[in-house]
Amino acid sequence: SLSLYFFHFLGRVFFCRPRAEGRAGGRCTLVERRGEEREERQRKTEGESKIGEGRRKGDWEEAMADNNAALRCKEEGNKALGRGDLQAAITHFTEGLQYDPTNAVLYSNRAAAYSNAGNWSQALADGEKAVEYRPDWGKAYNRKALALAQLGRYEEAIATCEEGLKHDPTNELLTSNMAKAKDGVMASEQNVLAEENLAKGKHRNALACLDKAVELCPNSALFWSNRTTAALGCGLSAEAEDNARKVIALKPQWHRGYQRMAEVKQYQRNYEEACRWYAAAMNLKPDDPKLVSAFSRAQQDLTMENTRKRAENDKAGEEEGGESGKESGAAGKEEATSKESETPKKKSSRFGFL
């Protein structure tokens with residue numbers, strides 16, 4: 001009986017513990033306690049899982065909302081681009097990128113809008129982003145290459161086309177733009193020769209080089225600008241004026257086209273028009289000392305021309321007045337003579353008329 005009491009005591013010490021707070025009954029076995037701990041861990045895990053699931057669901061819903069908003073902006077931007085509203089297109093694409101900052105299509109489309117607006121620096125930046133976020137997309141490389149070529153960076157444009165063709169070998173635009181970039185390299189070489197000849201005053205040689213350059217790259221404002229100078233140096237003012245207009249049409253935000261037109265008008269002695277074109281150039285680049293100096297000379301020429309014209313008009317007026325005075329004097333004498341002949345002569349005496 002003593003041994004039974006001893007084992008009963010050990011069982012109560014080692015296998016029974018007080019029950020958890022709030023439970024009825026007072027004591028539980030170690031097995032029950034471990035079961036409760038396991039259930040608690042399971043409940044905790046399930047709770048965290050539900051929280052995580054909720055967060056994932058919320059993130060997914062937010063991502064879908066952003067994706068839909070970006071898609072809407074892309075569609076609105078494409079519509080604006082189609083109707084030629086470039087600023088609205090740029091605004092829509094920029095808004096879309098706020099919802100989806102890694103969307104290569106939005107960068108590509110905004111690059112197209114910047115290209116149509118002639119903002120080649122921004123077009124290049126967006127083309128590079130499109131390549132970064134979608135490096136296997138041929139159109140992204142095309143956007144970048146086109147901007148590089150328009151900026152005169154023909155070697156880089158060729159390298160970009162070659163890289164794009166590795167990912168998209170059948171892309172005809174990349175092939176075409178690479179050929180144009182190679183033409184640009186040759187045209188640039190001709191332009192360098194032309195500038196050397198212009199510096200030496202050899203305008204005919206420069207004109208011949210620039211004819212080749214604009215034939216290879218007819219959309220280069222730089223080449224047409226230099227050709228304006230060469231044509232003017234050869235005395236071809238009408239041709240130079242036509243070239244200057246092409247510069248302005250190709251690159252309307254570049255001061256050089258307006259400056260070239262002013263130089264043509266100054267050569268034609270149309271100083272009033274020259275001043276107007278110089279003023280337009282200075283609106284785009286007000287701090288250019290060469291422009292300021294040229295504008296000042298044109299104003300001086302205009303003042304001298306106006307002074308000369310006034311002097312000529314005054315002289316012509318005086319001569320006209322002198323001739324009319326002589327004519328009126330002669331007419332007066334004739335009239336007096338005729339009256340005298342018509343009036344009967346009166347006899348006179350020493351005291352006066354009878």
# chains A, B, ... in the order shown; residues from 1 in each chain; ligands from 1
>>> residues_around(residues="A:Gly84", least_positions_apart="3", cutoff="12 Å", atoms="only C-alpha atoms", output="PyMOL selection string")
chain A and resi 77-81+87-90+112-114+116-117
>>> select_by_dssp(residues="stretch 156-353 of chain A", states="strand (DSSP E or B)", output="NGL selection string")
:A and (348-349 or 352-353)
>>> residues_around(residues="stretch 180-189 of chain A", least_positions_apart="4", cutoff="10 Å", atoms="only C-alpha atoms", output="JSON, numbers by chain")
{"A": [145, 146, 148, 149, 150, 152, 153, 154, 155, 156, 157, 158, 159, 161, 174, 175, 176, 193, 194, 209, 210, 211, 212, 213, 214, 215, 216, 217, 218, 220, 222, 223]}
>>> atom_distance(atom1="atom CA of A:Val264", atom2="atom CA of A:Pro289")
19.3 Å
>>> residues_around(residues="stretch 255-262 of chain A", least_positions_apart="5", cutoff="7 Å", atoms="only C-alpha atoms", output="ChimeraX atom specification")
/A:225,228,241,244,247-248,274-275,277-278,280-281,284-285
>>> write_last_selection(atoms="all heavy atoms", output="CSV table (one decimal), in the first residue's frame")
chain,number,residue,atom,x,y,z
A,225,SER,N,21.3,74.8,-92.8
A,225,SER,CA,21.8,76.1,-92.2
A,225,SER,C,23.1,76.5,-92.8
A,225,SER,O,23.3,77.6,-93.3
A,225,SER,CB,21.9,76.0,-90.7
A,225,SER,OG,22.5,77.2,-90.2
A,228,THR,N,22.7,77.6,-96.4
A,228,THR,CA,22.3,78.9,-96.5
A,228,THR,C,23.5,79.9,-96.5
A,228,THR,O,23.6,80.8,-97.4
A,228,THR,CB,21.4,79.3,-95.3
A,228,THR,OG1,20.3,78.4,-95.2
A,228,THR,CG2,20.9,80.7,-95.5
A,241,GLU,N,17.6,82.1,-99.2
A,241,GLU,CA,16.3,82.4,-98.5
A,241,GLU,C,15.5,81.1,-98.4
A,241,GLU,O,14.9,80.8,-97.3
A,241,GLU,CB,15.6,83.5,-99.2
A,241,GLU,CG,14.3,83.8,-98.4
A,241,GLU,CD,13.5,85.0,-99.0
A,241,GLU,OE1,14.2,85.7,-99.9
A,241,GLU,OE2,12.4,85.3,-98.7
A,244,ALA,N,17.0,78.8,-95.8
A,244,ALA,CA,16.7,79.3,-94.4
A,244,ALA,C,15.3,79.0,-94.0
A,244,ALA,O,15.1,78.6,-92.8
A,244,ALA,CB,16.9,80.8,-94.3
A,247,VAL,N,15.3,75.4,-92.8
A,247,VAL,CA,15.8,75.3,-91.5
A,247,VAL,C,14.7,75.6,-90.4
A,247,VAL,O,14.6,74.8,-89.5
A,247,VAL,CB,17.0,76.2,-91.2
A,247,VAL,CG1,17.6,76.1,-89.8
A,247,VAL,CG2,18.1,75.9,-92.2
A,248,ILE,N,14.0,76.6,-90.6
A,248,ILE,CA,12.9,77.0,-89.7
A,248,ILE,C,11.8,75.9,-89.6
A,248,ILE,O,11.3,75.6,-88.6
A,248,ILE,CB,12.4,78.4,-90.1
A,248,ILE,CG1,13.4,79.5,-89.9
A,248,ILE,CG2,11.1,78.7,-89.2
A,248,ILE,CD1,13.0,80.8,-90.5
A,274,ALA,N,15.2,92.3,-91.8
A,274,ALA,CA,16.4,91.7,-91.1
A,274,ALA,C,16.3,91.9,-89.6
A,274,ALA,O,16.5,91.0,-88.8
A,274,ALA,CB,17.7,92.4,-91.6
A,275,CYS,N,15.9,93.1,-89.2
A,275,CYS,CA,15.7,93.4,-87.8
A,275,CYS,C,14.6,92.5,-87.2
A,275,CYS,O,14.7,92.0,-86.0
A,275,CYS,CB,15.4,94.9,-87.5
A,275,CYS,SG,16.8,96.0,-87.8
A,277,TRP,N,13.7,89.5,-88.2
A,277,TRP,CA,14.2,88.1,-88.1
A,277,TRP,C,15.2,88.0,-87.0
A,277,TRP,O,15.2,87.0,-86.2
A,277,TRP,CB,14.7,87.6,-89.4
A,277,TRP,CG,13.6,87.3,-90.4
A,277,TRP,CD1,13.3,88.1,-91.5
A,277,TRP,CD2,12.7,86.2,-90.4
A,277,TRP,NE1,12.3,87.5,-92.2
A,277,TRP,CE2,11.9,86.3,-91.5
A,277,TRP,CE3,12.5,85.1,-89.5
A,277,TRP,CZ2,10.9,85.4,-91.8
A,277,TRP,CZ3,11.5,84.2,-89.8
A,277,TRP,CH2,10.7,84.4,-90.9
A,278,TYR,N,16.1,89.0,-86.8
A,278,TYR,CA,17.0,89.0,-85.7
A,278,TYR,C,16.3,89.0,-84.3
A,278,TYR,O,16.7,88.3,-83.4
A,278,TYR,CB,18.0,90.1,-85.8
A,278,TYR,CG,19.2,89.9,-86.7
A,278,TYR,CD1,19.5,90.8,-87.7
A,278,TYR,CD2,20.0,88.8,-86.5
A,278,TYR,CE1,20.6,90.6,-88.6
A,278,TYR,CE2,21.1,88.6,-87.4
A,278,TYR,CZ,21.4,89.5,-88.4
A,278,TYR,OH,22.5,89.3,-89.2
A,280,ALA,N,13.4,87.7,-83.7
A,280,ALA,CA,12.8,86.4,-83.5
A,280,ALA,C,13.9,85.4,-83.0
A,280,ALA,O,13.7,84.6,-82.2
A,280,ALA,CB,12.2,85.9,-84.8
A,281,ALA,N,15.1,85.6,-83.6
A,281,ALA,CA,16.2,84.7,-83.2
A,281,ALA,C,16.6,85.0,-81.7
A,281,ALA,O,16.8,84.0,-80.9
A,281,ALA,CB,17.4,84.9,-84.1
A,284,LEU,N,14.6,83.4,-78.9
A,284,LEU,CA,15.0,82.0,-78.6
A,284,LEU,C,16.3,81.9,-77.9
A,284,LEU,O,16.5,80.9,-77.1
A,284,LEU,CB,15.0,81.2,-79.9
A,284,LEU,CG,13.6,81.0,-80.6
A,284,LEU,CD1,13.8,80.4,-82.0
A,284,LEU,CD2,12.7,80.2,-79.8
A,285,LYS,N,17.2,82.8,-78.2
A,285,LYS,CA,18.5,82.8,-77.5
A,285,LYS,C,19.0,84.2,-77.3
A,285,LYS,O,19.8,84.8,-78.0
A,285,LYS,CB,19.5,82.1,-78.4
A,285,LYS,CG,20.8,81.6,-77.7
A,285,LYS,CD,21.6,80.7,-78.5
A,285,LYS,CE,22.8,80.2,-77.7
A,285,LYS,NZ,23.7,79.3,-78.4
>>> atom_distance(atom1="atom CA of A:Arg269", atom2="atom CA of A:Glu305")
8.9 Å
>>> select_by_dssp(residues="stretch 67-131 of chain A", states="helix (DSSP H, G or I)", output="compact mmCIF listing (two decimals) with C-alpha atoms, in the first residue's frame")
# COMPACT_ATOMS: atom_id res chain seq x y z
CA ASN A 67 -3.00 48.92 -64.40
CA ASN A 68 -6.46 49.92 -65.57
CA ALA A 69 -5.68 53.60 -65.00
CA ALA A 70 -2.41 53.30 -66.95
CA LEU A 71 -4.25 51.57 -69.78
CA ARG A 72 -6.86 54.32 -69.85
CA CYS A 73 -4.13 56.98 -70.01
CA LYS A 74 -2.41 55.12 -72.82
CA GLU A 75 -5.62 54.98 -74.87
CA GLU A 76 -6.32 58.69 -74.29
CA GLY A 77 -2.73 59.53 -75.21
CA ASN A 78 -2.93 57.50 -78.42
CA LYS A 79 -6.12 59.33 -79.41
CA ALA A 80 -4.48 62.70 -78.80
CA LEU A 81 -1.41 61.61 -80.74
CA GLY A 82 -3.61 60.49 -83.63
CA LEU A 86 1.05 66.42 -79.01
CA GLN A 87 0.96 68.24 -75.68
CA ALA A 88 -2.20 66.43 -74.60
CA ALA A 89 -0.65 63.11 -75.67
CA ILE A 90 2.47 63.79 -73.62
CA THR A 91 0.31 64.74 -70.61
CA HIS A 92 -1.72 61.50 -70.82
CA PHE A 93 1.36 59.28 -71.20
CA THR A 94 3.06 61.04 -68.29
CA GLU A 95 -0.02 60.47 -66.11
CA GLY A 96 -0.03 56.81 -67.08
CA LEU A 97 3.59 56.44 -65.99
CA GLN A 98 2.62 57.67 -62.54
CA TYR A 99 0.41 54.58 -62.22
CA ALA A 104 7.84 50.36 -71.67
CA VAL A 105 4.89 50.98 -74.01
CA LEU A 106 4.06 54.28 -72.30
CA TYR A 107 7.69 55.39 -72.56
CA SER A 108 7.76 54.38 -76.22
CA ASN A 109 4.55 56.24 -77.03
CA ARG A 110 5.68 59.36 -75.20
CA ALA A 111 8.97 59.17 -77.13
CA ALA A 112 6.90 59.18 -80.33
CA ALA A 113 5.04 62.30 -79.16
CA TYR A 114 8.30 64.06 -78.29
CA SER A 115 9.72 63.06 -81.69
CA ASN A 116 6.74 64.58 -83.51
CA TRP A 120 14.69 64.85 -79.58
CA SER A 121 16.47 65.00 -76.22
CA GLN A 122 13.32 63.96 -74.36
CA ALA A 123 12.55 61.40 -77.07
CA LEU A 124 15.98 59.86 -76.50
CA ALA A 125 15.47 59.75 -72.72
CA ASP A 126 12.15 57.93 -73.13
CA GLY A 127 13.59 55.59 -75.75
CA GLU A 128 16.34 54.60 -73.34
CA LYS A 129 13.76 53.91 -70.62
CA ALA A 130 11.72 51.76 -73.01
CA VAL A 131 14.84 49.71 -73.81
>>> residues_around(residues="A:Gln300", least_positions_apart="6", cutoff="12 Å", atoms="only C-alpha atoms", output="NGL selection string")
:A and (266 or 271-272 or 274-275 or 293-294 or 306-307)
>>> atom_distance(atom1="atom CA of A:Lys251", atom2="atom CA of A:Leu151")
11.6 Å
